[in-house]
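What follows is the content of input_5.cif (mmCIF, C-alpha atoms).
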data_structure
loop_
_atom_site.label_atom_id
_atom_site.label_comp_id
_atom_site.auth_asym_id
_atom_site.auth_seq_id
_atom_site.Cartn_x
_atom_site.Cartn_y
_atom_site.Cartn_z
CA MET A 1 -34.88 -58.02 -3.50
CA ALA A 2 -31.50 -58.32 -1.84
CA ALA A 3 -29.74 -57.90 -5.20
CA SER A 4 -31.57 -54.65 -5.98
CA GLU A 5 -30.74 -53.26 -2.53
CA LYS A 6 -27.05 -54.08 -3.08
CA SER A 7 -27.06 -52.27 -6.43
CA LEU A 8 -28.69 -49.21 -4.81
CA ASP A 9 -26.14 -49.23 -1.98
CA SER A 10 -23.21 -49.51 -4.38
CA SER A 11 -24.72 -46.75 -6.56
CA ASP A 12 -25.06 -44.49 -3.47
CA ASP A 13 -21.48 -45.30 -2.42
CA SER A 14 -20.09 -44.41 -5.84
CA ARG A 15 -22.08 -41.13 -5.86
CA ARG A 16 -20.81 -40.30 -2.37
CA LYS A 17 -17.23 -41.00 -3.43
CA LEU A 18 -17.66 -38.86 -6.55
CA ILE A 19 -19.09 -35.94 -4.54
CA ILE A 20 -16.23 -36.18 -2.01
CA VAL A 21 -13.59 -36.23 -4.77
CA VAL A 22 -15.18 -33.22 -6.51
CA ALA A 23 -15.44 -31.29 -3.21
CA ILE A 24 -11.79 -31.95 -2.32
CA THR A 25 -10.65 -30.96 -5.81
CA ALA A 26 -12.67 -27.73 -5.67
CA ALA A 27 -11.26 -26.90 -2.22
CA LEU A 28 -7.71 -27.40 -3.49
CA VAL A 29 -8.31 -25.20 -6.53
CA ILE A 30 -9.76 -22.44 -4.34
CA ALA A 31 -6.87 -22.72 -1.86
CA VAL A 32 -4.29 -22.40 -4.67
CA PHE A 33 -6.16 -19.39 -6.08
CA PHE A 34 -6.14 -17.58 -2.71
CA TYR A 35 -2.48 -18.47 -2.14
CA PHE A 36 -1.47 -16.76 -5.39
CA LEU A 37 -3.82 -13.86 -4.68
CA LEU A 38 -2.17 -13.26 -1.29
CA ARG A 39 1.33 -13.49 -2.77
CA ALA A 40 0.46 -10.99 -5.48
CA SER A 41 -0.99 -8.49 -3.01
CA SER A 42 1.95 -8.73 -0.58
CA THR A 43 4.67 -8.14 -3.18
CA GLY A 44 3.13 -4.85 -4.25
CA GLY A 45 3.43 -5.61 -7.94
CA SER A 46 4.41 -2.15 -9.15
CA ALA A 47 7.20 0.29 -8.43
CA ASP A 48 6.55 3.60 -6.74
CA PRO A 49 6.03 6.55 -9.10
CA VAL A 50 8.83 9.05 -9.63
CA LEU A 51 8.48 12.75 -10.33
CA ASP A 52 10.55 13.37 -13.48
CA GLY A 53 12.82 16.41 -13.46
CA ALA A 54 12.30 17.02 -9.74
CA ILE A 55 14.65 18.93 -7.47
CA ARG A 56 16.16 16.34 -5.11
CA ALA A 57 18.49 16.20 -2.11
CA GLY A 58 22.00 17.38 -2.93
CA SER A 59 21.07 20.14 -5.38
CA PRO A 60 21.51 23.83 -4.43
CA GLU A 61 17.79 24.54 -4.90
CA TRP A 62 16.98 21.65 -2.54
CA GLU A 63 18.96 23.26 0.26
CA GLN A 64 17.35 26.63 -0.42
CA TYR A 65 13.68 25.51 -0.57
CA HIS A 66 13.36 22.17 1.24
CA SER A 67 13.00 23.75 4.69
CA LYS A 68 10.20 25.99 3.35
CA ILE A 69 8.00 23.03 2.34
CA VAL A 70 6.67 22.08 5.76
CA LEU A 71 4.86 18.88 6.72
CA ASP A 72 2.79 18.76 9.91
CA GLU A 73 3.33 15.84 12.29
CA PRO A 74 1.84 12.81 10.49
CA GLU A 75 -1.01 10.75 11.91
CA ALA A 76 -1.91 7.18 11.06
CA ASP A 77 -4.76 4.75 11.31
CA GLU A 78 -4.52 1.05 10.70
CA ALA A 79 -6.91 -1.73 9.82
CA LYS A 80 -6.63 -5.46 9.45
CA ARG A 81 -7.90 -6.84 6.16
CA ALA A 82 -9.64 -10.15 5.56
CA LEU A 83 -6.54 -11.31 3.69
CA GLY A 84 -4.66 -11.22 6.99
CA ASP A 85 -2.39 -8.24 6.38
CA ILE A 86 -2.45 -4.78 7.94
CA VAL A 87 -3.06 -1.55 6.05
CA MET A 88 -1.94 1.82 7.43
CA ASN A 89 -3.04 5.21 6.14
CA LEU A 90 -0.61 8.03 6.93
CA GLN A 91 -1.99 11.59 6.73
CA THR A 92 -0.51 15.03 7.13
CA THR A 93 -0.84 18.58 5.86
CA ILE A 94 1.82 20.14 3.68
CA ARG A 95 2.45 23.89 3.66
CA ASN A 96 4.18 25.81 0.87
CA PHE A 97 6.22 28.74 2.24
CA THR A 98 8.65 28.88 -0.70
CA GLY A 99 7.11 31.96 -2.31
CA ARG A 100 6.75 29.99 -5.58
CA THR A 101 4.01 27.73 -6.97
CA LEU A 102 4.74 24.00 -6.76
CA ASN A 103 3.62 22.04 -9.82
CA GLY A 104 5.31 18.80 -8.78
CA LEU A 105 5.58 17.17 -5.35
CA GLU A 106 6.80 13.72 -4.33
CA ILE A 107 6.19 12.46 -0.78
CA SER A 108 7.43 9.29 0.95
CA GLY A 109 5.69 7.64 3.88
CA PHE A 110 7.45 5.19 6.19
CA VAL A 111 6.62 2.87 9.03
CA VAL A 112 9.82 2.37 11.02
CA ASP A 113 10.87 -0.11 13.69
CA HIS A 114 12.54 0.66 17.03
CA GLN A 115 15.96 0.85 15.35
CA GLY A 116 14.69 3.48 12.89
CA LYS A 117 14.79 1.13 9.87
CA ALA A 118 11.88 1.18 7.44
CA VAL A 119 9.45 -1.72 7.86
CA LYS A 120 7.34 -0.53 4.94
CA GLU A 121 7.61 2.53 2.73
CA ARG A 122 5.86 4.03 -0.25
CA THR A 123 6.40 7.08 -2.40
CA VAL A 124 3.52 8.96 -4.03
CA VAL A 125 3.39 11.86 -6.45
CA MET A 126 0.85 14.31 -5.02
CA ILE A 127 1.19 17.12 -7.54
CA PRO A 128 0.13 16.95 -10.37
CA THR A 129 -1.55 13.58 -9.65
CA ARG A 130 -3.97 14.63 -6.88
CA GLN A 131 -4.17 18.32 -7.67
CA PRO A 132 -2.53 20.43 -10.39
CA GLU A 133 -0.40 22.74 -8.22
CA LEU A 134 0.13 24.24 -4.78
CA GLU A 135 0.37 28.01 -4.63
CA PRO A 136 2.55 29.91 -2.12
CA ASN A 137 1.20 30.11 1.45
CA ARG A 138 -1.39 27.39 0.76
CA THR A 139 -1.90 23.97 2.31
CA MET A 140 -2.78 20.56 0.98
CA ALA A 141 -3.83 17.31 2.65
CA VAL A 142 -1.49 14.41 1.90
CA ALA A 143 -2.19 10.70 2.42
CA VAL A 144 -0.01 7.65 1.84
CA ARG A 145 -1.44 4.12 2.06
CA LEU A 146 0.91 1.34 3.18
CA GLU A 147 -0.27 -2.24 2.63
CA GLY A 148 1.01 -5.73 3.32
CA MET A 149 2.33 -5.48 6.87
CA LYS A 150 2.10 -8.42 9.24
CA GLU A 151 1.05 -8.44 12.89
CA SER A 152 4.58 -9.54 13.80
CA ASP A 153 6.22 -6.48 12.16
CA ASP A 154 7.84 -4.05 14.59
CA ARG A 155 5.81 -0.89 13.90
CA ALA A 156 7.33 1.67 16.27
CA ASN A 157 6.74 4.99 14.49
CA ILE A 158 5.70 6.69 11.26
CA ARG A 159 7.43 9.32 9.13
CA MET A 160 6.58 11.33 6.06
CA GLU A 161 9.01 13.46 4.09
CA VAL A 162 9.34 15.41 0.86
CA THR A 163 11.62 13.56 -1.57
CA GLY A 164 11.26 15.79 -4.63
CA PHE A 165 9.56 18.92 -5.90
CA LYS A 166 9.24 21.09 -9.02
CA PHE A 167 8.32 24.75 -9.44
CA LYS A 168 6.03 26.31 -11.98
CA GLN A 169 8.06 28.29 -14.51
#

Spit out the file's structure as structure tokens when you get a sec.
Amino acid sequence: MAASEKSLDSSDDSRRKLIIVVAITAALVIAVFFYFLLRASSTGGSADPVLDGAIRAGSPEWEQYHSKIVLDEPEADEAKRALGDIVMNLQTTIRNFTGRTLNGLEISGFVVDHQGKAVKERTVVMIPTRQPELEPNRTMAVAVRLEGMKESDDRANIRMEVTGFKFKQ
């Protein structure tokens, strides 16, 4: 009877060891998966879109019309994600006082530190992506989502600005 008990004990020990090895291996695989998932989400992965053929700073039309495309003071809300980073949503209203219909609009949103340097920035194409055009004397809600900030980042202020625009011909 002692021999059969020994074989049962050794069988239980080998099963226990096998379960522990499988559990540790699974935990390591899951940890590596989440590590790469976090790295992929923090790098952004893709470049910001660009509005082709847009009027940009330095051109004569920019100087003439830029001051007539008005952005209200931006507001922001932030949330912490389960992945450990912080997401901020910047919102504002844009007003078209140019007297012409905009059929292309590129907006940049920034979170800046106390020295005025960008901590995180993103550019979005609002027109024609979100709506086809913005007629004269009309408004449009604009939102820019900034992801991947850390708790330790110096987030002193937010800014939004027009970086390019096109008119309907």

Exercise for the section: Would you please work out which residue, of A:Leu51, A:Ala31, A:Ala118, A:Leu102, is nearest to Met149 (chain A) when using all atoms listed in the file? Expected result: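 Going through A:Leu51, A:Ala31, A:Ala118, A:Leu102 one by one, the smallest distance to Met149 (chain A) is for A:Ala118.
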
Handout entry: Closest of A:Asp113, A:Glu106, A:Asp153, A:Glu133 to Asp52 (chain A) - atom-to-atom distances counting all atoms listed in the file
Key =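 Among the listed residues, the smallest separation from Asp52 (chain A) belongs to A:Glu106.
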
Practice task
Enter the distance from CA of Gly53 (chain A) to CA of Lys117 (chain A), in Å, rounded to one decimal.
Solution key: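 Calculated distance between CA of Gly53 (chain A) and CA of Lys117 (chain A) is 28.0 Å.
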
Practice task
Find the residues near Arg95 (chain A): any atom within 7 Å, counting only C-alpha atoms, skip ones fewer than 3 places away on the same chain, and give them as a ChimeraX atom specification.
Solution key: /A:69-71,137-140

Exercise for the section: May I have the protein, DNA and RNA residues with an atom at most 8 Å from (11.7, 21.9, -1.8), counting all atoms listed in the file in the file's coordinates, returned as a PyMOL selection string? Expected result: chain A and resi 55-56+61-69+98+162+164-166

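Candidate residues A:Ile107, A:Ala79, A:Ile94, A:Val124 were compared for distance to Lys150 (chain A), and the nearest is A:Ala79, using all atoms listed in the file.
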
Exercise for the section: Tell me, in Å to one decimal, how far CA of Glu78 (chain A) is from CA of Leu90 (chain A). Expected result: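 These two atoms are separated by 8.8 Å.
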
Handout entry: Computed interatomic separation between CA of Arg122 (chain A) and CA of Arg145 (chain A) (Å)
Key =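 Computed distance, CA of Arg122 (chain A) to CA of Arg145 (chain A), equals 7.7 Å.
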
Handout entry: Nearest-residue call for Met160 (chain A), choices A:Val119, A:Gly109, A:Met126, A:Leu37, using only C-alpha atoms
Key =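 Residue with the minimum atom-to-atom distance to Met160 (chain A): A:Gly109.
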
Handout entry: Explicit residue set for the PyMOL selection byres ((chain A and resi 155) around 7), as a PyMOL selection string
Key = chain A and resi 111-113+153-154+156-157

Exercise for the section: Enumerate, as a list in words, the residues matched when the PyMOL selection byres ((chain A and resi 81) around 12) is run on the file above. Expected result: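 Applying the expression gives Leu38, Ser41, Glu78, Ala79, Lys80, Ala82, Leu83, Gly84, Asp85, Ile86, Val87, Met88, Glu147, Gly148, Met149, Lys150 and Glu151 of chain A.
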